[in-house]
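For reference, the structure discussed in these notes is given below.
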Amino acid sequence: MITAVRADHLVTGAGPVYSPGWLVIDGDRIVAVGRGDSPTGVETTDFERGAIVIPGLVSAHTHLPLGGFRGCADDLPFLDWIMKGLMPAIREAGSDPDTYARGARASAQELLRGGVTLVGDNFFRDEGSPALEATGQRGVFFQEVFGSTAEDEDAHWGEFEETVARLAARPRAHPFGYSPHTPWTCPPRTFGRVVERARAEGRRLSFHLAESREEHELFTAGSGPLADYYRSLGKLDRYRTGMTPTAYVAGIGALGPKTVVAHAVHATPEDLGILARTGTGVVHCPRSNMKLAEGIAPVPAMLDAGITVALGVDSAASSSRLDLFEEMRAALHAGRAARGAVGRMTAATVLGMATRNGAEVLGLGDVTGSLAAGKLADFVVLDASPARHRPVRDPVATVVHTCGPEDVASVVIGGVVRHRRGT
Ligand SMILES: [Zn+2]
C-alpha cells in the first residue's frame, strides 16, 4: 500500500532538510522524498505542528542483555568496573537465561522509546536477537569470544564452535558476525581463529579496541595493572608485544572494511592512520568512556583522517541510560572541549554519526540510515512543539541540542509503526 507522511521539518540525513517535507512509502520502502506538501492522491499522515522527522537512530555498539546489570559499579574506574563490578555480577547471575532475556528486552524497549531502529549488539549469549524480534527493531549481532584465562585454548575454541553451530541451526531474524571481545581478553591464537573464520564465511567483525590506558600499557610496555594480572597467571608474554593494541590487531589481519571497533579512546595518531588505511569503522561511546574515567576518544582527528565514526550507547552496566540523544550531545561537547574548537563537531556531524554512519559500519548503509528513495522506511517522528524546543531555527540543531527520548512521538521501522508515545 502506498502512503505518505508530511511534517513541518524532514531531516533526510542525506544532506537536504525540507521544511515542510514529505516521504512517500510503498510497503517497507521509501519511494519518494520532497519539499512542500505531499503529492496529491496519496493517503497522507500529517504530523502535528512542530514535528521533525529524522532517520531512525543507530546504536552501533551495545550489549542488550546487560540491561539487568545497571548500577553494578557506578563509581569505579574502567578496570575495577569490569573486574570488581561487572564480572562478579555476571558470575553471580550464572547461566540463568531469564536474567539475560529480561535485560535484553528492557534494553531493546528503552532504545526503541528513544528512537533507535537499528542496534549492533555484542554478547556471548543469544538473548538479544529474540528481544529485537519482539520490538521489530533491526539488529546485527556479534558472537563474543573470550578465552584469556582458559587453561586449554583448544577446549575453549571448541565450546565457541559448538555455540556457533547451535545458533546457525536456529532460524535467525538478524545477520550475525563475530566479536573477539578485546585484544586483552581474547588471546592471540583464538583472536586469529575468529578472524580467519569470519573471513572464510564473509562475516563482519566487531570488538573493543584501545578502550583503556591499562590495555595500552599492557601491549606497548608490558606494564601496569593488566600486566601484573597476566604475569600472575604466567601469561604476560601473550600480550607484551611492544606494539599498540591497534597495530597488534592489524598484524592479525583483524582490521578492514568489514570490521568495526568500539572506543579507540587511546588510539595514537599512527593508529588512526592504520584504521583509516584499512577502512575500519569506529563506534564512539563517549558517555561510557567518560563515566569509566578512560578519557575522550580523538573523534575530530578520526574524522580528519577519513574514518567512519558511529555512535553507541554501550550498555546499561556502563553508561546507565540507553539514550542516543545524550550520546550525540556528549560526543559534540566532549569533541569540542577536547580540541578547544567547534571544528567538525557540528550538530549535522553527530546526527550523521548516530544515523548514516551507524548503518554503514554495520554493513547496512545501502538500505537504511537516511531517508531517500529506495531505502527502508525507518524513521522517527519528534514532537518539537514544547517551549523548550522553540523557536526551531535549524531542525538539525534542535534534534541534537534539545531533543530527547521524551520527544519521540512515533518510531516507524520498515513502514510499520513500532512505537507510539504513551503506549
Ligand atoms: Zn562494549
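FYI, nothing fancy with the C-alpha cells labels: chains A, B, ... in order, residues from 1 per chain, ligands from 1 as they appear.
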
Selection near Leu205 of chain A, 7 Å with only C-alpha atoms, sequence-local residues under 6 positions removed, as an mmCIF file with all heavy atoms, in the first residue's frame:
data_model
loop_
_atom_site.group_PDB
_atom_site.id
_atom_site.type_symbol
_atom_site.label_atom_id
_atom_site.label_comp_id
_atom_site.auth_asym_id
_atom_site.auth_seq_id
_atom_site.Cartn_x
_atom_site.Cartn_y
_atom_site.Cartn_z
ATOM 1 N N GLY A 177 27.741 -11.763 13.101
ATOM 2 C CA GLY A 177 29.170 -11.853 12.846
ATOM 3 C C GLY A 177 29.842 -12.268 14.142
ATOM 4 O O GLY A 177 29.195 -12.793 15.046
ATOM 5 N N TYR A 178 31.140 -11.988 14.241
ATOM 6 C CA TYR A 178 31.902 -12.445 15.406
ATOM 7 C C TYR A 178 32.581 -11.286 16.127
ATOM 8 O O TYR A 178 32.925 -10.269 15.519
ATOM 9 C CB TYR A 178 32.958 -13.461 14.978
ATOM 10 C CG TYR A 178 32.360 -14.676 14.313
ATOM 11 C CD1 TYR A 178 32.765 -15.066 13.040
ATOM 12 C CD2 TYR A 178 31.370 -15.423 14.952
ATOM 13 C CE1 TYR A 178 32.213 -16.184 12.426
ATOM 14 C CE2 TYR A 178 30.807 -16.530 14.347
ATOM 15 C CZ TYR A 178 31.233 -16.912 13.083
ATOM 16 O OH TYR A 178 30.676 -18.001 12.484
ATOM 17 N N SER A 179 32.763 -11.501 17.430
ATOM 18 C CA SER A 179 33.425 -10.485 18.240
ATOM 19 C C SER A 179 34.499 -11.108 19.128
ATOM 20 O O SER A 179 34.185 -11.635 20.200
ATOM 21 C CB SER A 179 32.400 -9.753 19.119
ATOM 22 O OG SER A 179 33.078 -8.903 20.022
ATOM 23 N N ALA A 198 35.722 -15.602 10.330
ATOM 24 C CA ALA A 198 34.870 -14.521 9.796
ATOM 25 C C ALA A 198 35.182 -14.294 8.318
ATOM 26 O O ALA A 198 34.269 -14.172 7.494
ATOM 27 C CB ALA A 198 35.093 -13.240 10.588
ATOM 28 N N LYS A 258 35.082 -4.599 6.729
ATOM 29 C CA LYS A 258 34.018 -5.373 7.376
ATOM 30 C C LYS A 258 34.242 -5.483 8.876
ATOM 31 O O LYS A 258 33.671 -6.332 9.548
ATOM 32 C CB LYS A 258 33.919 -6.767 6.747
ATOM 33 C CG LYS A 258 33.365 -6.722 5.326
ATOM 34 C CD LYS A 258 33.206 -8.095 4.756
ATOM 35 C CE LYS A 258 31.740 -8.460 4.647
ATOM 36 N NZ LYS A 258 31.529 -9.712 3.914
ATOM 37 N N THR A 259 35.103 -4.617 9.401
ATOM 38 C CA THR A 259 35.372 -4.608 10.849
ATOM 39 C C THR A 259 34.969 -3.256 11.427
ATOM 40 O O THR A 259 35.236 -2.214 10.831
ATOM 41 C CB THR A 259 36.878 -4.826 11.122
ATOM 42 O OG1 THR A 259 37.245 -6.118 10.642
ATOM 43 C CG2 THR A 259 37.193 -4.737 12.607
ATOM 44 N N VAL A 260 34.333 -3.329 12.593
ATOM 45 C CA VAL A 260 34.056 -2.100 13.330
ATOM 46 C C VAL A 260 34.583 -2.281 14.752
ATOM 47 O O VAL A 260 34.375 -3.326 15.359
ATOM 48 C CB VAL A 260 32.557 -1.742 13.297
ATOM 49 C CG1 VAL A 260 31.688 -2.841 13.899
ATOM 50 C CG2 VAL A 260 32.307 -0.429 14.017
#

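Contact shell of segment 375-389 of chain A at 7 Å (only C-alpha atoms; same-chain neighbours under 6 positions omitted): Ile25, Asp28, Arg29, Ile30, Arg49, Gly50, Ala51, Ile52, Val53, Ile54, Pro55, Gly56, Gly115, Thr117, Val367, Thr368, Thr398, Thr402, Asp407, Val408, Ala409, Ser410, Val411, Val412, Ile413, Gly414 and Gly415 of chain A.
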
Based on the backbone DSSP call, show me all residues of segment 33-96 of chain A assigned strand (DSSP E or B), as a list in words.
Val33, Gly34, Arg35, Glu43, Thr44, Thr45, Asp46, Ala51, Ile52, Val53, Ile54, Pro55, Leu57, Val58, Ser59, Ala60, His61 and Thr62 of chain A

Write to file, as a compact mmCIF listing (two decimals), in the first residue's frame, the residues of the selection just made, with N, CA and C atoms.
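Okay, this is what ended up in out.txt:
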# COMPACT_ATOMS: atom_id res chain seq x y z
N VAL A 33 10.86 11.40 -1.79
CA VAL A 33 11.07 12.36 -0.69
C VAL A 33 11.02 13.75 -1.31
N GLY A 34 10.40 14.71 -0.63
CA GLY A 34 10.40 16.04 -1.24
C GLY A 34 10.03 17.15 -0.28
N ARG A 35 10.06 18.35 -0.82
CA ARG A 35 9.77 19.57 -0.05
C ARG A 35 8.33 20.01 -0.32
N GLU A 43 -2.80 8.83 0.32
CA GLU A 43 -3.27 8.99 1.70
C GLU A 43 -2.10 9.46 2.57
N THR A 44 -2.29 10.62 3.22
CA THR A 44 -1.16 11.25 3.91
C THR A 44 -1.42 11.39 5.41
N THR A 45 -0.43 11.00 6.21
CA THR A 45 -0.47 11.29 7.65
C THR A 45 0.26 12.61 7.83
N ASP A 46 -0.48 13.61 8.32
CA ASP A 46 0.13 14.93 8.52
C ASP A 46 0.41 15.08 10.02
N ALA A 51 6.39 18.98 14.29
CA ALA A 51 7.02 17.65 14.15
C ALA A 51 8.29 17.74 13.30
N ILE A 52 9.30 17.00 13.75
CA ILE A 52 10.53 16.85 12.98
C ILE A 52 10.71 15.35 12.70
N VAL A 53 10.79 14.99 11.43
CA VAL A 53 11.04 13.59 11.08
C VAL A 53 12.53 13.42 10.79
N ILE A 54 13.13 12.42 11.43
CA ILE A 54 14.56 12.13 11.23
C ILE A 54 14.73 10.65 10.89
N PRO A 55 15.87 10.27 10.31
CA PRO A 55 16.13 8.83 10.10
C PRO A 55 16.17 8.11 11.46
N LEU A 57 17.48 6.20 14.58
CA LEU A 57 18.81 6.28 15.20
C LEU A 57 19.44 4.88 15.26
N VAL A 58 20.76 4.85 15.28
CA VAL A 58 21.50 3.58 15.27
C VAL A 58 22.46 3.56 16.45
N SER A 59 22.33 2.56 17.30
CA SER A 59 23.33 2.34 18.35
C SER A 59 24.23 1.22 17.86
N ALA A 60 25.39 1.58 17.38
CA ALA A 60 26.24 0.61 16.67
C ALA A 60 27.11 -0.24 17.60
N HIS A 61 27.09 0.08 18.90
CA HIS A 61 27.82 -0.77 19.85
C HIS A 61 27.01 -0.85 21.14
N THR A 62 26.47 -2.03 21.41
CA THR A 62 25.52 -2.21 22.51
C THR A 62 25.72 -3.62 23.07

Check which residues fall inside 7 Å of ligand 1 when counting only C-alpha atoms and all ligand atoms, and print them as number ranges by chain.
A: 61-63, 208, 262, 314-315

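Distances here use only C-alpha atoms; by that measure, the residue among A:Leu292, A:Val194, A:Ala338, A:Leu236 closest to Trp81 of chain A is A:Leu292.
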
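Computed from the coordinates, the atom CA of Ala131 of chain A to atom CA of Arg105 of chain A distance equals 4.9 Å.
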
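The closest residue to Val11 of chain A, picked from A:Ala155, A:Leu23, A:Ala330, A:Leu112 and counting only C-alpha atoms, is A:Leu23.
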
So the first atom is atom CA of Arg193 of chain A and the second is atom CA of His181 of chain A; what is the distance between them in Å, to one decimal place?
13.0 Å

Mind listing the alpha helix (DSSP H) residues of segment 165-339 of chain A, per DSSP on the backbone, as a PyMOL selection string?
chain A and resi 165-169+188-201+213-221+225-232+245-252+269-278+286-291+299-305+316-319+324-339

Taken to one decimal, the atom CA of Phe325 of chain A-atom CA of Gly256 of chain A distance is 28.7 Å

If you count only C-alpha atoms, the residue of A:Val195, A:Leu272, A:Val164, A:Leu209 closest to Ala254 of chain A turns out to be A:Val195

I'd like the contact shell of Val265 of chain A - 10 Å cut-off, only C-alpha atoms, skipping same-chain residues fewer than 6 positions apart - returned as a list in words.
Leu209, Ala210, Glu211, Ser212, Arg213, His284, Cys285, Pro286, Asn289, Glu294, Gly295, Ile296, Ala297, Pro298 and Val299 of chain A

Let me see the file: selected residues, C-alpha atoms, as a tab-separated table (two decimals), in the first residue's frame.
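So the final result, stored in selection-v6.tsv, reads:
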chain	number	residue	atom	x	y	z
A	209	LEU	CA	39.88	-1.70	20.94
A	210	ALA	CA	42.12	0.81	22.68
A	211	GLU	CA	39.43	1.38	25.28
A	212	SER	CA	41.72	1.74	28.30
A	213	ARG	CA	45.15	3.04	29.22
A	284	HIS	CA	32.37	6.19	19.70
A	285	CYS	CA	30.73	5.64	23.12
A	286	PRO	CA	31.56	8.93	24.86
A	289	ASN	CA	34.33	6.28	28.29
A	294	GLU	CA	39.06	6.44	30.47
A	295	GLY	CA	39.11	9.73	28.64
A	296	ILE	CA	37.78	11.10	25.37
A	297	ALA	CA	38.35	9.42	22.02
A	298	PRO	CA	40.09	11.66	19.45
A	299	VAL	CA	37.00	11.89	17.26

Using only C-alpha atoms, determine which residues lie at most 12 Å from Gly41 of chain A, disregarding the query and same-chain residues fewer than 6 positions distant; provide the list as a ChimeraX atom specification.
/A:2-4,24
